[in-house]
file query_37.pdb (PDB, C-alpha atoms and all ligand atoms)
ATOM      1  CA  MET A 191     -30.980 -96.528 135.787  1.00  0.00           C
ATOM      2  CA  ILE A 192     -34.680 -95.968 135.238  1.00  0.00           C
ATOM      3  CA  VAL A 193     -36.052 -93.055 137.253  1.00  0.00           C
ATOM      4  CA  ARG A 194     -39.841 -92.942 137.320  1.00  0.00           C
ATOM      5  CA  ILE A 195     -41.294 -89.536 138.245  1.00  0.00           C
ATOM      6  CA  GLN A 196     -44.862 -88.422 138.893  1.00  0.00           C
ATOM      7  CA  ARG A 197     -45.779 -85.624 136.505  1.00  0.00           C
ATOM      8  CA  GLY A 198     -48.333 -82.842 136.235  1.00  0.00           C
ATOM      9  CA  LYS A 199     -50.879 -83.042 139.007  1.00  0.00           C
ATOM     10  CA  GLY A 200     -50.424 -86.798 139.259  1.00  0.00           C
ATOM     11  CA  GLU A 201     -52.115 -87.885 136.036  1.00  0.00           C
ATOM     12  CA  ARG A 202     -49.039 -89.733 134.724  1.00  0.00           C
ATOM     13  CA  PHE A 203     -45.573 -91.078 135.460  1.00  0.00           C
ATOM     14  CA  ASP A 204     -42.626 -90.535 133.110  1.00  0.00           C
ATOM     15  CA  ASP A 205     -39.617 -92.869 132.949  1.00  0.00           C
ATOM     16  CA  TYR A 206     -36.138 -91.441 132.405  1.00  0.00           C
ATOM     17  CA  ASP A 207     -33.236 -93.715 131.491  1.00  0.00           C
ATOM     18  CA  ILE A 208     -30.216 -91.921 132.872  1.00  0.00           C
ATOM     19  CA  GLU A 209     -26.625 -92.645 133.810  1.00  0.00           C
ATOM     20  CA  VAL A 210     -26.073 -92.271 137.536  1.00  0.00           C
ATOM     21  CA  ASN A 211     -23.395 -92.685 140.161  1.00  0.00           C
ATOM     22  CA  ALA A 212     -24.259 -94.170 143.550  1.00  0.00           C
ATOM     23  CA  GLY A 213     -22.916 -91.266 145.583  1.00  0.00           C
ATOM     24  CA  MET A 214     -25.023 -88.605 143.888  1.00  0.00           C
ATOM     25  CA  THR A 215     -27.946 -87.100 145.764  1.00  0.00           C
ATOM     26  CA  LEU A 216     -31.533 -87.219 144.548  1.00  0.00           C
ATOM     27  CA  LEU A 217     -31.361 -83.479 143.970  1.00  0.00           C
ATOM     28  CA  GLU A 218     -28.311 -83.912 141.724  1.00  0.00           C
ATOM     29  CA  LEU A 219     -30.205 -86.657 139.895  1.00  0.00           C
ATOM     30  CA  LEU A 220     -33.170 -84.328 139.310  1.00  0.00           C
ATOM     31  CA  PHE A 221     -30.848 -81.644 137.955  1.00  0.00           C
ATOM     32  CA  ARG A 222     -29.207 -84.187 135.650  1.00  0.00           C
ATOM     33  CA  ILE A 223     -32.588 -85.169 134.228  1.00  0.00           C
ATOM     34  CA  GLN A 224     -33.723 -81.559 133.904  1.00  0.00           C
ATOM     35  CA  GLU A 225     -30.481 -80.453 132.227  1.00  0.00           C
ATOM     36  CA  ASN A 226     -30.071 -83.450 129.885  1.00  0.00           C
ATOM     37  CA  ILE A 227     -33.478 -84.924 129.126  1.00  0.00           C
ATOM     38  CA  ASP A 228     -36.489 -82.869 130.189  1.00  0.00           C
ATOM     39  CA  GLN A 229     -36.351 -79.166 130.920  1.00  0.00           C
ATOM     40  CA  THR A 230     -40.014 -79.129 131.911  1.00  0.00           C
ATOM     41  CA  LEU A 231     -39.457 -81.217 135.046  1.00  0.00           C
ATOM     42  CA  ALA A 232     -40.453 -79.170 138.121  1.00  0.00           C
ATOM     43  CA  PHE A 233     -38.992 -79.657 141.600  1.00  0.00           C
ATOM     44  CA  ARG A 234     -38.237 -77.359 144.507  1.00  0.00           C
ATOM     45  CA  TYR A 235     -34.998 -76.676 146.362  1.00  0.00           C
ATOM     46  CA  SER A 236     -33.163 -73.747 147.880  1.00  0.00           C
ATOM     47  CA  CYS A 237     -30.294 -74.320 150.315  1.00  0.00           C
ATOM     48  CA  ARG A 238     -28.993 -77.687 149.037  1.00  0.00           C
ATOM     49  CA  GLY A 239     -27.779 -78.283 152.588  1.00  0.00           C
ATOM     50  CA  ALA A 240     -30.735 -79.813 154.537  1.00  0.00           C
ATOM     51  CA  ILE A 241     -31.593 -76.437 156.043  1.00  0.00           C
ATOM     52  CA  CYS A 242     -34.568 -74.975 154.148  1.00  0.00           C
ATOM     53  CA  GLY A 243     -36.741 -78.099 153.956  1.00  0.00           C
ATOM     54  CA  SER A 244     -38.059 -77.250 150.495  1.00  0.00           C
ATOM     55  CA  CYS A 245     -36.734 -80.329 148.643  1.00  0.00           C
ATOM     56  CA  ALA A 246     -38.946 -82.813 150.538  1.00  0.00           C
ATOM     57  CA  ILE A 247     -40.084 -85.640 148.214  1.00  0.00           C
ATOM     58  CA  LEU A 248     -41.017 -89.328 148.279  1.00  0.00           C
ATOM     59  CA  ALA A 249     -38.265 -91.624 147.051  1.00  0.00           C
ATOM     60  CA  ASN A 250     -39.276 -95.275 146.672  1.00  0.00           C
ATOM     61  CA  ARG A 251     -42.291 -94.284 148.817  1.00  0.00           C
ATOM     62  CA  ARG A 252     -40.257 -92.944 151.696  1.00  0.00           C
ATOM     63  CA  PRO A 253     -40.311 -89.283 152.705  1.00  0.00           C
ATOM     64  CA  VAL A 254     -36.805 -87.812 152.354  1.00  0.00           C
ATOM     65  CA  LEU A 255     -34.933 -84.580 151.647  1.00  0.00           C
ATOM     66  CA  ALA A 256     -33.652 -84.780 148.058  1.00  0.00           C
ATOM     67  CA  CYS A 257     -30.519 -82.776 148.830  1.00  0.00           C
ATOM     68  CA  LYS A 258     -29.500 -84.977 151.748  1.00  0.00           C
ATOM     69  CA  THR A 259     -30.320 -88.423 150.384  1.00  0.00           C
ATOM     70  CA  THR A 260     -27.984 -90.354 148.109  1.00  0.00           C
ATOM     71  CA  LEU A 261     -29.158 -92.815 145.464  1.00  0.00           C
ATOM     72  CA  SER A 262     -27.355 -95.653 147.214  1.00  0.00           C
ATOM     73  CA  ARG A 263     -29.235 -94.895 150.438  1.00  0.00           C
ATOM     74  CA  VAL A 264     -32.585 -95.096 148.648  1.00  0.00           C
ATOM     75  CA  THR A 265     -31.813 -98.307 146.790  1.00  0.00           C
ATOM     76  CA  ASN A 266     -30.370 -99.983 149.909  1.00  0.00           C
ATOM     77  CA  LEU A 267     -33.201 -99.149 152.288  1.00  0.00           C
ATOM     78  CA  LYS A 268     -35.123-102.192 153.389  1.00  0.00           C
ATOM     79  CA  ILE A 269     -38.897-101.926 153.711  1.00  0.00           C
ATOM     80  CA  ASP A 270     -38.776-101.899 157.499  1.00  0.00           C
ATOM     81  CA  ASP A 271     -35.885 -99.433 157.693  1.00  0.00           C
ATOM     82  CA  HIS A 272     -38.307 -96.587 157.363  1.00  0.00           C
ATOM     83  CA  VAL A 273     -41.965 -95.813 156.848  1.00  0.00           C
ATOM     84  CA  THR A 274     -43.198 -96.821 153.423  1.00  0.00           C
ATOM     85  CA  LEU A 275     -46.188 -94.903 152.074  1.00  0.00           C
ATOM     86  CA  PRO A 276     -48.756 -96.106 149.522  1.00  0.00           C
ATOM     87  CA  SER A 277     -48.348 -95.141 145.887  1.00  0.00           C
ATOM     88  CA  SER A 278     -50.280 -95.582 142.661  1.00  0.00           C
ATOM     89  CA  ALA A 279     -47.133 -96.481 140.705  1.00  0.00           C
ATOM     90  CA  LYS A 280     -44.850 -99.510 140.660  1.00  0.00           C
ATOM     91  CA  LEU A 281     -41.204 -99.197 141.524  1.00  0.00           C
ATOM     92  CA  PRO A 282     -39.163 -99.642 138.326  1.00  0.00           C
ATOM     93  CA  ASP A 283     -36.938-102.771 138.450  1.00  0.00           C
ATOM     94  CA  GLY A 284     -33.691-101.716 140.115  1.00  0.00           C
ATOM     95  CA  GLY A 285     -34.695 -98.110 139.601  1.00  0.00           C
ATOM     96  CA  ILE A 286     -36.127 -95.276 141.628  1.00  0.00           C
ATOM     97  CA  LEU A 287     -39.636 -93.895 141.962  1.00  0.00           C
ATOM     98  CA  LEU A 288     -39.941 -90.197 142.816  1.00  0.00           C
ATOM     99  CA  GLU A 289     -43.230 -88.581 143.864  1.00  0.00           C
ATOM    100  CA  PRO A 290     -44.354 -85.390 145.606  1.00  0.00           C
ATOM    101  CA  ILE A 291     -44.935 -85.722 149.365  1.00  0.00           C
ATOM    102  CA  PRO A 292     -48.553 -86.703 150.083  1.00  0.00           C
ATOM    103  CA  LYS A 293     -51.249 -84.874 152.096  1.00  0.00           C
ATOM    104  CA  LEU A 294     -50.490 -81.560 150.372  1.00  0.00           C
ATOM    105  CA  PRO A 295     -51.986 -80.381 147.050  1.00  0.00           C
ATOM    106  CA  VAL A 296     -49.686 -80.929 144.065  1.00  0.00           C
ATOM    107  CA  ILE A 297     -48.900 -77.772 142.095  1.00  0.00           C
ATOM    108  CA  ARG A 298     -46.853 -79.529 139.410  1.00  0.00           C
ATOM    109  CA  ASP A 299     -44.630 -82.624 139.237  1.00  0.00           C
ATOM    110  CA  LEU A 300     -42.738 -82.773 142.554  1.00  0.00           C
ATOM    111  CA  VAL A 301     -43.814 -79.311 143.734  1.00  0.00           C
ATOM    112  CA  VAL A 302     -46.511 -79.143 146.415  1.00  0.00           C
ATOM    113  CA  ASP A 303     -48.442 -76.339 148.070  1.00  0.00           C
ATOM    114  CA  TRP A 304     -47.356 -76.159 151.740  1.00  0.00           C
ATOM    115  CA  GLU A 305     -50.252 -73.904 152.757  1.00  0.00           C
ATOM    116  CA  PRO A 306     -52.345 -76.570 154.617  1.00  0.00           C
ATOM    117  CA  PHE A 307     -49.249 -77.486 156.660  1.00  0.00           C
ATOM    118  CA  PHE A 308     -48.393 -73.874 157.549  1.00  0.00           C
ATOM    119  CA  ASN A 309     -52.023 -72.956 158.069  1.00  0.00           C
ATOM    120  CA  GLU A 310     -52.311 -75.495 160.897  1.00  0.00           C
ATOM    121  CA  TYR A 311     -48.887 -74.489 162.191  1.00  0.00           C
ATOM    122  CA  ARG A 312     -49.797 -70.777 162.428  1.00  0.00           C
ATOM    123  CA  LYS A 313     -52.978 -71.558 164.377  1.00  0.00           C
ATOM    124  CA  LEU A 314     -50.859 -72.680 167.348  1.00  0.00           C
ATOM    125  CA  GLU A 315     -48.976 -69.328 167.360  1.00  0.00           C
ATOM    126  CA  PRO A 316     -45.534 -70.901 167.617  1.00  0.00           C
ATOM    127  CA  VAL A 317     -43.684 -67.697 168.532  1.00  0.00           C
ATOM    128  CA  LEU A 318     -42.142 -66.514 171.792  1.00  0.00           C
ATOM    129  CA  LYS A 319     -44.714 -64.777 173.982  1.00  0.00           C
ATOM    130  CA  ASN A 320     -43.092 -62.672 176.633  1.00  0.00           C
ATOM    131  CA  SER A 321     -43.711 -59.029 177.540  1.00  0.00           C
ATOM    132  CA  ASP A 322     -40.876 -59.115 180.065  1.00  0.00           C
ATOM    133  CA  HIS A 323     -37.803 -56.995 179.179  1.00  0.00           C
ATOM    134  CA  PRO A 324     -35.102 -58.091 181.608  1.00  0.00           C
ATOM    135  CA  GLU A 325     -31.975 -55.987 182.111  1.00  0.00           C
ATOM    136  CA  LYS A 326     -29.749 -59.061 181.902  1.00  0.00           C
ATOM    137  CA  GLU A 327     -29.782 -61.774 179.315  1.00  0.00           C
ATOM    138  CA  HIS A 328     -31.558 -65.064 180.031  1.00  0.00           C
ATOM    139  CA  LEU A 329     -28.967 -67.783 180.513  1.00  0.00           C
ATOM    140  CA  LEU A 330     -30.152 -71.192 179.408  1.00  0.00           C
ATOM    141  CA  GLY A 331     -27.674 -73.620 180.895  1.00  0.00           C
ATOM    142  CA  LYS A 332     -26.408 -76.710 179.100  1.00  0.00           C
ATOM    143  CA  ASP A 333     -29.205 -79.106 180.032  1.00  0.00           C
ATOM    144  CA  LYS A 334     -32.029 -76.759 179.082  1.00  0.00           C
ATOM    145  CA  SER A 335     -30.198 -75.827 175.919  1.00  0.00           C
ATOM    146  CA  ARG A 336     -29.887 -79.505 174.929  1.00  0.00           C
ATOM    147  CA  GLU A 337     -33.535 -80.150 175.720  1.00  0.00           C
ATOM    148  CA  LEU A 338     -34.692 -77.198 173.598  1.00  0.00           C
ATOM    149  CA  GLU A 339     -32.312 -77.949 170.760  1.00  0.00           C
ATOM    150  CA  LYS A 340     -34.089 -81.222 169.993  1.00  0.00           C
ATOM    151  CA  TYR A 341     -37.099 -79.183 168.914  1.00  0.00           C
ATOM    152  CA  THR A 342     -35.488 -76.016 167.550  1.00  0.00           C
ATOM    153  CA  ASN A 343     -33.718 -78.181 164.944  1.00  0.00           C
ATOM    154  CA  CYS A 344     -36.983 -78.527 163.026  1.00  0.00           C
ATOM    155  CA  ILE A 345     -36.708 -77.073 159.483  1.00  0.00           C
ATOM    156  CA  LEU A 346     -40.461 -77.290 158.718  1.00  0.00           C
ATOM    157  CA  CYS A 347     -39.975 -79.637 155.778  1.00  0.00           C
ATOM    158  CA  ALA A 348     -43.347 -81.384 156.382  1.00  0.00           C
ATOM    159  CA  LEU A 349     -41.858 -84.890 155.996  1.00  0.00           C
ATOM    160  CA  CYS A 350     -43.458 -85.836 159.338  1.00  0.00           C
ATOM    161  CA  TRP A 351     -46.776 -84.373 158.172  1.00  0.00           C
ATOM    162  CA  SER A 352     -46.653 -86.526 155.042  1.00  0.00           C
ATOM    163  CA  ALA A 353     -45.801 -89.681 157.030  1.00  0.00           C
ATOM    164  CA  CYS A 354     -48.363 -89.210 159.812  1.00  0.00           C
ATOM    165  CA  PRO A 355     -51.596 -91.210 159.344  1.00  0.00           C
ATOM    166  CA  VAL A 356     -53.460 -88.960 161.817  1.00  0.00           C
ATOM    167  CA  VAL A 357     -53.052 -85.950 159.487  1.00  0.00           C
ATOM    168  CA  SER A 358     -55.464 -87.568 157.019  1.00  0.00           C
ATOM    169  CA  GLU A 359     -57.689 -89.135 159.695  1.00  0.00           C
ATOM    170  CA  VAL A 360     -58.415 -86.133 161.932  1.00  0.00           C
ATOM    171  CA  ASP A 361     -59.668 -82.854 160.539  1.00  0.00           C
ATOM    172  CA  GLY A 362     -57.782 -79.875 161.945  1.00  0.00           C
ATOM    173  CA  TYR A 363     -54.922 -81.954 163.408  1.00  0.00           C
ATOM    174  CA  PRO A 364     -51.987 -79.516 163.609  1.00  0.00           C
ATOM    175  CA  GLY A 365     -49.461 -82.210 162.697  1.00  0.00           C
ATOM    176  CA  PRO A 366     -46.331 -83.450 164.473  1.00  0.00           C
ATOM    177  CA  ALA A 367     -44.078 -80.483 163.656  1.00  0.00           C
ATOM    178  CA  ALA A 368     -46.545 -77.851 164.892  1.00  0.00           C
ATOM    179  CA  LEU A 369     -47.148 -79.750 168.146  1.00  0.00           C
ATOM    180  CA  ALA A 370     -43.410 -80.205 168.680  1.00  0.00           C
ATOM    181  CA  LYS A 371     -42.918 -76.476 168.146  1.00  0.00           C
ATOM    182  CA  LEU A 372     -45.679 -75.634 170.600  1.00  0.00           C
ATOM    183  CA  PHE A 373     -43.996 -77.849 173.185  1.00  0.00           C
ATOM    184  CA  ARG A 374     -40.673 -76.144 172.432  1.00  0.00           C
ATOM    185  CA  PHE A 375     -42.195 -72.781 173.467  1.00  0.00           C
ATOM    186  CA  TYR A 376     -43.683 -74.349 176.581  1.00  0.00           C
ATOM    187  CA  LEU A 377     -40.138 -75.458 177.486  1.00  0.00           C
ATOM    188  CA  ASP A 378     -38.607 -72.044 176.761  1.00  0.00           C
ATOM    189  CA  PRO A 379     -37.563 -70.477 180.091  1.00  0.00           C
ATOM    190  CA  ARG A 380     -38.230 -66.999 178.691  1.00  0.00           C
ATOM    191  CA  GLU A 381     -41.958 -67.704 178.804  1.00  0.00           C
ATOM    192  CA  PRO A 382     -43.866 -67.805 182.103  1.00  0.00           C
ATOM    193  CA  LYS A 383     -44.022 -71.492 183.130  1.00  0.00           C
ATOM    194  CA  SER A 384     -47.615 -72.540 182.625  1.00  0.00           C
ATOM    195  CA  THR A 385     -49.453 -75.375 180.934  1.00  0.00           C
ATOM    196  CA  LYS A 386     -51.722 -72.637 179.520  1.00  0.00           C
ATOM    197  CA  ARG A 387     -49.337 -72.606 176.575  1.00  0.00           C
ATOM    198  CA  LEU A 388     -50.270 -76.250 175.906  1.00  0.00           C
ATOM    199  CA  SER A 389     -54.020 -75.724 176.302  1.00  0.00           C
ATOM    200  CA  VAL A 390     -54.420 -74.374 172.747  1.00  0.00           C
ATOM    201  CA  ALA A 391     -54.071 -77.987 171.520  1.00  0.00           C
ATOM    202  CA  ASP A 392     -55.746 -79.616 174.535  1.00  0.00           C
ATOM    203  CA  ASN A 393     -58.569 -81.189 172.531  1.00  0.00           C
ATOM    204  CA  GLU A 394     -59.419 -84.302 170.535  1.00  0.00           C
ATOM    205  CA  ALA A 395     -57.988 -82.897 167.331  1.00  0.00           C
ATOM    206  CA  GLY A 396     -54.798 -81.753 169.085  1.00  0.00           C
ATOM    207  CA  TRP A 397     -52.490 -83.550 171.547  1.00  0.00           C
ATOM    208  CA  TRP A 398     -55.061 -86.297 172.099  1.00  0.00           C
ATOM    209  CA  ALA A 399     -55.438 -87.230 168.422  1.00  0.00           C
ATOM    210  CA  CYS A 400     -51.952 -88.739 168.186  1.00  0.00           C
ATOM    211  CA  ASP A 401     -51.925 -92.558 168.072  1.00  0.00           C
ATOM    212  CA  PHE A 402     -48.154 -92.788 168.544  1.00  0.00           C
ATOM    213  CA  TYR A 403     -47.381 -94.384 165.215  1.00  0.00           C
ATOM    214  CA  SER A 404     -44.136 -92.406 165.686  1.00  0.00           C
ATOM    215  CA  ASN A 405     -43.567 -92.149 161.948  1.00  0.00           C
ATOM    216  CA  CYS A 406     -42.708 -88.492 162.589  1.00  0.00           C
ATOM    217  CA  LYS A 407     -39.551 -89.370 164.490  1.00  0.00           C
ATOM    218  CA  LYS A 408     -38.611 -92.109 161.998  1.00  0.00           C
ATOM    219  CA  VAL A 409     -38.696 -89.828 158.950  1.00  0.00           C
ATOM    220  CA  CYS A 410     -37.405 -86.601 160.499  1.00  0.00           C
ATOM    221  CA  PRO A 411     -34.125 -85.639 158.766  1.00  0.00           C
ATOM    222  CA  LYS A 412     -33.099 -83.530 161.762  1.00  0.00           C
ATOM    223  CA  GLY A 413     -33.741 -86.023 164.560  1.00  0.00           C
ATOM    224  CA  VAL A 414     -36.663 -84.051 166.038  1.00  0.00           C
ATOM    225  CA  PRO A 415     -38.931 -86.291 168.191  1.00  0.00           C
ATOM    226  CA  PRO A 416     -42.494 -84.850 167.921  1.00  0.00           C
ATOM    227  CA  ASN A 417     -43.818 -88.121 169.439  1.00  0.00           C
ATOM    228  CA  VAL A 418     -41.843 -87.439 172.621  1.00  0.00           C
ATOM    229  CA  ALA A 419     -43.129 -83.837 172.807  1.00  0.00           C
ATOM    230  CA  ILE A 420     -46.716 -85.056 172.402  1.00  0.00           C
ATOM    231  CA  GLY A 421     -46.313 -87.722 175.109  1.00  0.00           C
ATOM    232  CA  ARG A 422     -44.767 -85.223 177.528  1.00  0.00           C
ATOM    233  CA  ALA A 423     -47.453 -82.601 176.874  1.00  0.00           C
ATOM    234  CA  ARG A 424     -50.195 -85.162 177.481  1.00  0.00           C
ATOM    235  CA  LYS A 425     -48.616 -86.232 180.753  1.00  0.00           C
ATOM    236  CA  LEU A 426     -48.328 -82.605 181.940  1.00  0.00           C
ATOM    237  CA  LEU A 427     -51.970 -81.921 181.099  1.00  0.00           C
ATOM    238  CA  GLU A 428     -53.105 -85.147 182.782  1.00  0.00           C
ATOM    239  CA  ASP A 429     -51.105 -84.390 185.944  1.00  0.00           C
ATOM    240  CA  GLU A 430     -52.587 -80.905 186.081  1.00  0.00           C
ATOM    241  CA  GLU A 431     -56.084 -82.397 185.756  1.00  0.00           C
ATOM    242  CA  VAL A 432     -55.364 -84.789 188.657  1.00  0.00           C
ATOM    243  CA  GLU A 433     -54.150 -81.922 190.867  1.00  0.00           C
ATOM    244  CA  LYS A 434     -57.303 -79.826 190.293  1.00  0.00           C
TER     245      LYS A 434
HETATM  246  S1  LIG A 501     -40.174 -82.314 162.843  1.00  0.00           S
HETATM  247 FE1  LIG A 501     -38.615 -83.084 161.403  1.00  0.00          FE
HETATM  248  S2  LIG A 501     -39.803 -83.978 159.701  1.00  0.00           S
HETATM  249 FE2  LIG A 501     -41.199 -82.650 160.870  1.00  0.00          FE
HETATM  250  S3  LIG A 501     -41.151 -80.658 159.820  1.00  0.00           S
HETATM  251 FE3  LIG A 501     -39.622 -80.591 161.491  1.00  0.00          FE
HETATM  252  S4  LIG A 501     -37.680 -81.232 160.512  1.00  0.00           S
HETATM  253 FE4  LIG A 501     -39.329 -81.835 159.110  1.00  0.00          FE
HETATM  254  S1  LIG A 502     -32.638 -77.850 149.340  1.00  0.00           S
HETATM  255 FE1  LIG A 502     -32.916 -77.045 151.372  1.00  0.00          FE
HETATM  256  S2  LIG A 502     -33.323 -78.814 152.549  1.00  0.00           S
HETATM  257 FE2  LIG A 502     -32.894 -79.616 150.603  1.00  0.00          FE
END

call {"tool": "encode", "arguments": {"input": "query_37.pdb", "output": "structure tokens"}}
result
Amino acid sequence: MIVRIQRGKGERFDDYDIEVNAGMTLLELLFRIQENIDQTLAFRYSCRGAICGSCAILANRRPVLACKTTLSRVTNLKIDDHVTLPSSAKLPDGGILLEPIPKLPVIRDLVVDWEPFFNEYRKLEPVLKNSDHPEKEHLLGKDKSRELEKYTNCILCALCWSACPVVSEVDGYPGPAALAKLFRFYLDPREPKSTKRLSVADNEAGWWACDFYSNCKKVCPKGVPPNVAIGRARKLLEDEEVEK
């Protein structure tokens, strides 16, 4: 199979002709190329188990985790199965095109600098804010636990950031993951219940910038629905405005 990979800071694509098996993951494929053909190929990974989020790449123009995605899944995806992002390179016939995720500066080959993503994320202060020190533990209950879990599953891989058109259209947009995380802390029963928590993104570059393309939910490898969090936050803020 021909595997075409973006190299350097994007100035060229290199083709590798390599023997593959359908069940192997993209990460295994990258190791095979690095170990057998080109030791200079740079890519990032850590957990190899869809937990750390560091192996996010574009495969045939779709944002995926390299450690979780098999070759057969990439070659069998139909165009409308998933979001398909623009690229400067052609897909090799019957092969695979691998690129770094977009909307983040490329350091080298498939390695990007996550700082713009985390910079926006940190601005929303997505940490628990509670000065209360109760004598008993807070019990969540099954329903609340399920509701929170949808959002706590986020591994901050930035696949949703790379697939979201609003990230490139609106300066200072925090991105789907950061907004979902903010909503997760609003939901947390350990924080005083107040829409004040949501007000940090109550502006045209925040909750209101989303156009509900919903690419975030489609590409998320952990099933997190940032689009749902954004819709619910907007409704809460609107209802509060009506009550005033
Ligand atoms: S919401 Fe999903 S796609 Fe976005 S950063 Fe979290 S895990 Fe990744
Ligand atoms: S290596 Fe950690 S998510 Fe893929």

call {"tool": "residues_around", "arguments": {"input": "query_37.pdb", "residues": "Ile420 of chain A", "least_positions_apart": "4", "cutoff": "12 Å", "atoms": "only C-alpha atoms", "output": "VMD selection string"}}
result
chain A and resid 341 364 to 374 376 388 391 to 392 396 to 404 406 to 407 414 to 416 424 to 427

call {"tool": "resolve_selection", "arguments": {"input": "query_37.pdb", "expression": "the PyMOL selection byres (((not hetatm)) within 6 of (chain A and resi 502))", "output": "PyMOL selection string"}}
result
chain A and resi 235-245+255-257

call {"tool": "axis_aligned_box", "arguments": {"input": "query_37.pdb", "around": "segment 235-253 of chain A", "padding_each_side": "5 Å", "output": "lines of an AutoDock Vina configuration file"}}
result
center_x = -35.0
center_y = -84.5
center_z = 151.2
size_x = 24.5
size_y = 31.5
size_z = 19.7

call {"tool": "resolve_selection", "arguments": {"input": "query_37.pdb", "expression": "the PyMOL selection byres (((chain A and resi 204-218) around 7) and not hetatm)", "output": "number ranges by chain"}}
result
A: 191-197, 202-203, 219-222, 256-262

call {"tool": "write_last_selection", "arguments": {"input": "query_37.pdb", "atoms": "C-alpha atoms", "output": "CSV table (one decimal), keeping the file's coordinate frame"}}
result
chain,number,residue,atom,x,y,z
A,191,MET,CA,-31.0,-96.5,135.8
A,192,ILE,CA,-34.7,-96.0,135.2
A,193,VAL,CA,-36.1,-93.1,137.3
A,194,ARG,CA,-39.8,-92.9,137.3
A,195,ILE,CA,-41.3,-89.5,138.2
A,196,GLN,CA,-44.9,-88.4,138.9
A,197,ARG,CA,-45.8,-85.6,136.5
A,202,ARG,CA,-49.0,-89.7,134.7
A,203,PHE,CA,-45.6,-91.1,135.5
A,219,LEU,CA,-30.2,-86.7,139.9
A,220,LEU,CA,-33.2,-84.3,139.3
A,221,PHE,CA,-30.8,-81.6,138.0
A,222,ARG,CA,-29.2,-84.2,135.6
A,256,ALA,CA,-33.7,-84.8,148.1
A,257,CYS,CA,-30.5,-82.8,148.8
A,258,LYS,CA,-29.5,-85.0,151.7
A,259,THR,CA,-30.3,-88.4,150.4
A,260,THR,CA,-28.0,-90.4,148.1
A,261,LEU,CA,-29.2,-92.8,145.5
A,262,SER,CA,-27.4,-95.7,147.2

call {"tool": "closest_residue", "arguments": {"input": "query_37.pdb", "among": "A:Ala395, A:Leu248, A:Leu377, A:Cys350", "to": "ligand LIG 501 (chain A)", "atoms": "only C-alpha atoms and all ligand atoms"}}
result
A:Cys350

call {"tool": "atom_distance", "arguments": {"input": "query_37.pdb", "atom1": "atom CA of Glu394 of chain A", "atom2": "atom CA of Arg252 of chain A"}}
result
28.2 Å

call {"tool": "resolve_selection", "arguments": {"input": "query_37.pdb", "expression": "the PyMOL selection byres (((chain A and resi 291) around 9) and not hetatm)", "output": "list in words"}}
result
Ala246, Ile247, Leu248, Arg251, Arg252, Pro253, Val254, Glu289, Pro290, Pro292, Lys293, Leu294, Val296, Leu300, Val301, Val302, Ala348, Leu349, Ser352 and Ala353 of chain A

call {"tool": "atom_distance", "arguments": {"input": "query_37.pdb", "atom1": "atom CA of Leu275 of chain A", "atom2": "atom CA of Glu310 of chain A"}}
result
22.2 Å

call {"tool": "residues_near_point", "arguments": {"input": "query_37.pdb", "point": "(-53.8, -74.6, 167.6)", "cutoff": "6 Å", "atoms": "all atoms listed in the file", "output": "list in words"}}
result
Lys313, Leu314, Val390 and Ala391 of chain A

call {"tool": "write_last_selection", "arguments": {"input": "query_37.pdb", "atoms": "C-alpha atoms", "output": "PDB file, in the frame of the given file"}}
result
ATOM      1  CA  LYS A 313     -52.978 -71.558 164.377  1.00  0.00           C
ATOM      2  CA  LEU A 314     -50.859 -72.680 167.348  1.00  0.00           C
ATOM      3  CA  VAL A 390     -54.420 -74.374 172.747  1.00  0.00           C
ATOM      4  CA  ALA A 391     -54.071 -77.987 171.520  1.00  0.00           C
TER       5      ALA A 391
END

call {"tool": "closest_residue", "arguments": {"input": "query_37.pdb", "among": "A:Lys408, A:Arg380, A:Arg298, A:Arg312", "to": "ligand LIG 501 (chain A)", "atoms": "all atoms listed in the file"}}
result
A:Lys408

call {"tool": "closest_residue", "arguments": {"input": "query_37.pdb", "among": "A:Asn417, A:Asn393, A:Thr230, A:Gln224", "to": "ligand LIG 501 (chain A)", "atoms": "all atoms listed in the file"}}
result
A:Asn417

call {"tool": "closest_residue", "arguments": {"input": "query_37.pdb", "among": "A:Glu359, A:Glu339, A:Asp378, A:Glu428", "to": "ligand LIG 501 (chain A)", "atoms": "all atoms listed in the file"}}
result
A:Glu339

call {"tool": "atom_distance", "arguments": {"input": "query_37.pdb", "atom1": "atom CA of Ser384 of chain A", "atom2": "atom CA of Ala423 of chain A"}}
result
11.6 Å

call {"tool": "residues_around", "arguments": {"input": "query_37.pdb", "residues": "Leu281 of chain A", "least_positions_apart": "5", "cutoff": "8 Å", "atoms": "all atoms listed in the file", "output": "VMD selection string"}}
result
chain A and resid 194 250 286 to 287

call {"tool": "closest_residue", "arguments": {"input": "query_37.pdb", "among": "A:Glu381, A:Ile345, A:Phe307, A:Asp429", "to": "ligand LIG 501 (chain A)", "atoms": "all atoms listed in the file"}}
result
A:Ile345

call {"tool": "closest_residue", "arguments": {"input": "query_37.pdb", "among": "A:Asp322, A:Trp304, A:Pro382, A:Asp299", "to": "ligand LIG 501 (chain A)", "atoms": "only C-alpha atoms and all ligand atoms"}}
result
A:Trp304
